[in-house]
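Reproduced below: start-v2.cif, with mmCIF, C-alpha atoms.
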data_query
loop_
_atom_site.label_atom_id
_atom_site.label_comp_id
_atom_site.auth_asym_id
_atom_site.auth_seq_id
_atom_site.Cartn_x
_atom_site.Cartn_y
_atom_site.Cartn_z
CA MET B 1 22.75 -26.66 -18.11
CA THR B 2 20.36 -28.78 -16.05
CA ALA B 3 23.01 -29.23 -13.35
CA ILE B 4 23.44 -25.46 -13.06
CA LEU B 5 19.70 -24.88 -12.89
CA GLY B 6 19.35 -27.63 -10.30
CA LEU B 7 22.09 -26.07 -8.19
CA GLY B 8 20.28 -22.72 -8.18
CA LEU B 9 17.05 -24.37 -7.11
CA ALA B 10 18.81 -26.32 -4.37
CA GLN B 11 20.00 -23.02 -2.89
CA ALA B 12 16.49 -21.55 -2.83
CA THR B 13 14.96 -21.21 0.60
CA THR B 14 11.36 -21.70 1.56
CA THR B 15 10.07 -18.70 3.45
CA PRO B 16 7.00 -18.14 5.55
CA TYR B 17 5.91 -15.71 2.85
CA GLY B 18 4.65 -16.47 -0.63
CA MET B 19 6.73 -14.13 -2.79
CA VAL B 20 6.66 -15.08 -6.46
CA ASP B 21 10.33 -16.11 -6.69
CA PRO B 22 11.93 -18.55 -4.26
CA ILE B 23 14.40 -16.68 -2.09
CA LEU B 24 18.04 -17.73 -2.33
CA SER B 25 19.51 -18.46 1.09
CA GLU B 26 22.12 -15.69 0.70
CA GLN B 27 19.27 -13.18 0.07
CA LEU B 28 17.02 -14.29 2.92
CA THR B 29 18.17 -11.66 5.45
CA GLY B 30 17.64 -8.84 2.93
CA TYR B 31 14.23 -10.25 2.11
CA GLU B 32 13.27 -10.41 5.78
CA ILE B 33 14.37 -6.80 6.29
CA TYR B 34 12.35 -5.80 3.21
CA ILE B 35 9.24 -7.51 4.62
CA GLU B 36 9.81 -6.03 8.09
CA ARG B 37 10.30 -2.49 6.78
CA CYS B 38 7.75 -2.42 3.95
CA ALA B 39 4.96 -4.92 4.63
CA THR B 40 3.98 -3.28 7.90
CA CYS B 41 2.48 -0.29 6.03
CA HIS B 42 1.44 -1.84 2.70
CA VAL B 43 1.87 -5.05 0.72
CA ALA B 44 5.49 -5.76 -0.12
CA LEU B 45 5.69 -5.74 -3.89
CA PRO B 46 7.59 -8.42 -5.76
CA PRO B 47 10.87 -6.75 -6.76
CA ALA B 48 10.33 -7.54 -10.46
CA LEU B 49 7.53 -4.96 -10.63
CA LEU B 50 9.93 -2.02 -10.54
CA PRO B 51 13.38 -1.50 -12.02
CA THR B 52 16.49 -1.84 -9.86
CA GLN B 53 17.16 1.90 -10.04
CA THR B 54 13.70 2.65 -8.65
CA TRP B 55 14.30 0.32 -5.71
CA GLN B 56 17.61 2.07 -5.03
CA THR B 57 15.78 5.39 -4.80
CA LEU B 58 12.98 4.00 -2.65
CA VAL B 59 15.29 2.32 -0.15
CA MET B 60 17.65 5.28 0.21
CA ASP B 61 15.03 8.05 0.36
CA PRO B 62 13.36 8.64 3.76
CA ALA B 63 10.67 10.73 1.97
CA HIS B 64 8.81 7.69 0.69
CA TYR B 65 5.92 8.74 -1.58
CA GLY B 66 5.33 11.75 0.65
CA VAL B 67 5.60 9.85 3.94
CA THR B 68 8.67 10.40 6.12
CA LEU B 69 10.03 7.03 7.22
CA SER B 70 12.38 6.21 10.04
CA VAL B 71 15.95 5.92 8.80
CA ILE B 72 17.13 2.45 7.85
CA ASP B 73 20.73 1.89 8.93
CA ARG B 74 23.21 1.51 6.07
CA PHE B 75 23.88 -2.17 6.70
CA ASP B 76 20.18 -3.06 6.55
CA GLN B 77 19.76 -0.80 3.50
CA GLN B 78 22.50 -2.68 1.69
CA LEU B 79 21.08 -6.10 2.59
CA MET B 80 17.65 -5.01 1.37
CA LEU B 81 19.10 -3.52 -1.83
CA ASN B 82 21.07 -6.71 -2.49
CA TYR B 83 17.82 -8.70 -2.32
CA LEU B 84 15.89 -6.22 -4.49
CA GLN B 85 18.68 -6.08 -7.10
CA VAL B 86 18.79 -9.86 -7.47
CA TYR B 87 15.05 -10.06 -8.18
CA SER B 88 14.56 -6.89 -10.25
CA ARG B 89 15.86 -5.77 -13.64
CA ARG B 90 17.81 -2.68 -14.57
CA HIS B 91 15.90 0.01 -16.45
CA GLN B 92 17.39 0.13 -19.93
CA GLY B 93 16.83 3.82 -20.50
CA ARG B 94 13.78 3.44 -22.73
CA GLY B 95 11.49 6.14 -21.41
CA VAL B 96 11.33 7.70 -17.98
CA LEU B 97 12.40 5.69 -14.95
CA PRO B 98 9.11 4.64 -13.32
CA TYR B 99 8.54 5.58 -9.71
CA ARG B 100 4.96 4.29 -9.54
CA LEU B 101 3.34 1.01 -10.57
CA ASN B 102 1.14 2.52 -13.28
CA ASP B 103 4.28 3.86 -15.02
CA SER B 104 6.17 0.58 -14.87
CA THR B 105 6.50 -1.42 -18.09
CA TYR B 106 7.60 -4.33 -15.88
CA PHE B 107 4.29 -4.19 -14.04
CA GLN B 108 2.35 -3.88 -17.31
CA ALA B 109 4.18 -6.88 -18.80
CA LEU B 110 3.16 -9.02 -15.83
CA HIS B 111 -0.48 -7.95 -16.19
CA PRO B 112 -1.28 -8.30 -19.92
CA ALA B 113 -4.93 -7.84 -20.83
CA VAL B 114 -5.87 -7.26 -17.18
CA GLU B 115 -8.28 -4.48 -16.36
CA LEU B 116 -6.40 -2.85 -13.52
CA PRO B 117 -8.11 -1.05 -10.64
CA GLN B 118 -7.98 2.73 -10.58
CA PRO B 119 -6.28 4.27 -8.81
CA LEU B 120 -3.53 1.70 -9.09
CA ASN B 121 -1.34 1.58 -6.00
CA VAL B 122 0.15 -0.88 -3.52
CA ARG B 123 -3.12 -1.05 -1.63
CA SER B 124 -5.09 -2.09 -4.72
CA CYS B 125 -3.01 -5.28 -5.22
CA ALA B 126 -5.12 -7.12 -2.63
CA GLY B 127 -8.19 -6.38 -4.74
CA CYS B 128 -7.07 -9.03 -7.24
CA HIS B 129 -4.41 -10.99 -5.36
CA ILE B 130 -6.14 -12.27 -2.26
CA GLY B 131 -2.82 -13.44 -0.79
CA ALA B 132 -1.03 -10.10 -1.32
CA PRO B 133 -0.94 -9.23 2.41
CA GLU B 134 1.14 -12.41 2.87
CA GLN B 135 3.22 -11.60 -0.24
CA ASP B 136 1.49 -14.35 -2.23
CA TYR B 137 0.92 -13.08 -5.75
CA SER B 138 0.70 -16.51 -7.33
CA GLY B 139 -2.98 -16.26 -8.19
CA ALA B 140 -5.79 -13.80 -8.53
CA PHE B 141 -9.51 -13.95 -8.05
CA GLU B 142 -12.16 -12.22 -10.06
#

Serialized structure, structure tokens:
Amino acid sequence: MTAILGLGLAQATTTPYGMVDPILSEQLTGYEIYIERCATCHVALPPALLPTQTWQTLVMDPAHYGVTLSVIDRFDQQLMLNYLQVYSRRHQGRGVLPYRLNDSTYFQALHPAVELPQPLNVRSCAGCHIGAPEQDYSGAFE
């Protein structure tokens, strides 16, 4: 088991960003596209905060939370989805599929006993995670 775990870690790539999970080398291009497309308007959320199905909707839908985005070509969409699928979890059908952070049980599980800012949105992440603009969610300040 240790050999398998070690192999996975050996394949992780250091990135200029501070995302929570190390990025596997085969996912690096999808990650870079995700950062390029998403972090220019708001912080790029760690994929684990939303279910895989939500990411699929977000990446494929040019009407993104009421903002019309430029179309992402299919190849880049697939690379980005591959990255997001590796680092997110499938929604198991318990309750409604969350489309926003405040509805995400994944988000809530990662923030136990934390008084969250209201309104809660991708812009409020930097209020607690000082490194959020650089995708560093490793710590928070009070």

Counting all atoms listed in the file, which residues in segment 16-45 of chain B sit no more than 9 Å from segment 81-105 of chain B? For each one, give the nearest pair of atoms and the distance in Å, sorted by chain then residue number, as JSON lines.
{"residue": "B:Asp21", "atom": "CA", "partner": "B:Tyr87", "partner_atom": "CA", "distance": 7.8}
{"residue": "B:Ile23", "atom": "CA", "partner": "B:Tyr83", "partner_atom": "CA", "distance": 8.7}
{"residue": "B:Glu26", "atom": "CA", "partner": "B:Tyr83", "partner_atom": "CA", "distance": 8.7}
{"residue": "B:Gln27", "atom": "CA", "partner": "B:Tyr83", "partner_atom": "CA", "distance": 5.3}
{"residue": "B:Leu28", "atom": "CA", "partner": "B:Tyr83", "partner_atom": "CA", "distance": 7.7}
{"residue": "B:Thr29", "atom": "CA", "partner": "B:Tyr83", "partner_atom": "CA", "distance": 8.3}
{"residue": "B:Gly30", "atom": "CA", "partner": "B:Tyr83", "partner_atom": "CA", "distance": 5.3}
{"residue": "B:Tyr31", "atom": "CA", "partner": "B:Tyr83", "partner_atom": "CA", "distance": 5.9}
{"residue": "B:Tyr34", "atom": "CA", "partner": "B:Tyr83", "partner_atom": "CA", "distance": 8.3}

Keeping C-alpha atoms for every residue in the selection just given, could you write it to a file as a PDB file, in the frame of the given file?
ATOM      1  CA  ASP B  21      10.330 -16.110  -6.690  1.00  0.00           C
ATOM      2  CA  ILE B  23      14.400 -16.680  -2.090  1.00  0.00           C
ATOM      3  CA  GLU B  26      22.120 -15.690   0.700  1.00  0.00           C
ATOM      4  CA  GLN B  27      19.270 -13.180   0.070  1.00  0.00           C
ATOM      5  CA  LEU B  28      17.020 -14.290   2.920  1.00  0.00           C
ATOM      6  CA  THR B  29      18.170 -11.660   5.450  1.00  0.00           C
ATOM      7  CA  GLY B  30      17.640  -8.840   2.930  1.00  0.00           C
ATOM      8  CA  TYR B  31      14.230 -10.250   2.110  1.00  0.00           C
ATOM      9  CA  TYR B  34      12.350  -5.800   3.210  1.00  0.00           C
TER      10      TYR B  34
END

Could you write out as a count of residues only the residues that the PyMOL selection byres ((chain B and resi 77) around 9) matches in the shown file? 15

Hey, can you check how far atom CA of Ser138 of chain B sits from atom CA of Ala39 of chain B?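 Separation between atom CA of Ser138 of chain B and atom CA of Ala39 of chain B: 17.2 Å.
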
Could you check which of B:Pro46, B:Pro117, B:Pro22, B:Pro51 is closest to Pro133 of chain B, using all atoms listed in the file?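 Of B:Pro46, B:Pro117, B:Pro22, B:Pro51, the one nearest Pro133 of chain B, counting all atoms listed in the file, is B:Pro46.
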
Run the PyMOL selection byres ((chain B and resi 42) around 12) against the file shown and list the residues it catches, as a PyMOL selection string. chain B and resi 34-41+43-45+121-126+132-135

Output the selection as a compact mmCIF listing (two decimals), in the frame of the given file - C-alpha atoms for each residue.
# COMPACT_ATOMS: atom_id res chain seq x y z
CA TYR B 34 12.35 -5.80 3.21
CA ILE B 35 9.24 -7.51 4.62
CA GLU B 36 9.81 -6.03 8.09
CA ARG B 37 10.30 -2.49 6.78
CA CYS B 38 7.75 -2.42 3.95
CA ALA B 39 4.96 -4.92 4.63
CA THR B 40 3.98 -3.28 7.90
CA CYS B 41 2.48 -0.29 6.03
CA VAL B 43 1.87 -5.05 0.72
CA ALA B 44 5.49 -5.76 -0.12
CA LEU B 45 5.69 -5.74 -3.89
CA ASN B 121 -1.34 1.58 -6.00
CA VAL B 122 0.15 -0.88 -3.52
CA ARG B 123 -3.12 -1.05 -1.63
CA SER B 124 -5.09 -2.09 -4.72
CA CYS B 125 -3.01 -5.28 -5.22
CA ALA B 126 -5.12 -7.12 -2.63
CA ALA B 132 -1.03 -10.10 -1.32
CA PRO B 133 -0.94 -9.23 2.41
CA GLU B 134 1.14 -12.41 2.87
CA GLN B 135 3.22 -11.60 -0.24

Rounded to one decimal in Å, what is the spacing between atom CA of Gln108 of chain B and atom CA of Gly131 of chain B?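 Pair atom CA of Gln108 of chain B / atom CA of Gly131 of chain B returns 19.8 Å.
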
Please give the centre and size of the box around segment 56-65 of chain B (axis-aligned, containing every atom listed in the file, 3 Å added per side), with values in Å to one decimal and written as lines of an AutoDock Vina configuration file.
center_x = 11.8
center_y = 6.4
center_z = -0.6
size_x = 17.7
size_y = 14.7
size_z = 14.8

Please measure the separation of atom CA of Ser25 of chain B and atom CA of Gln56 of chain B, giving the value in Å to one decimal.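 Rounded to one decimal, the two atoms are 21.5 Å apart.
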
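Residue nearest Leu116 of chain B within the list B:Leu58, B:Cys128, B:Leu49, B:Val67: B:Cys128 [criterion: smallest interatomic distance, all atoms listed in the file].
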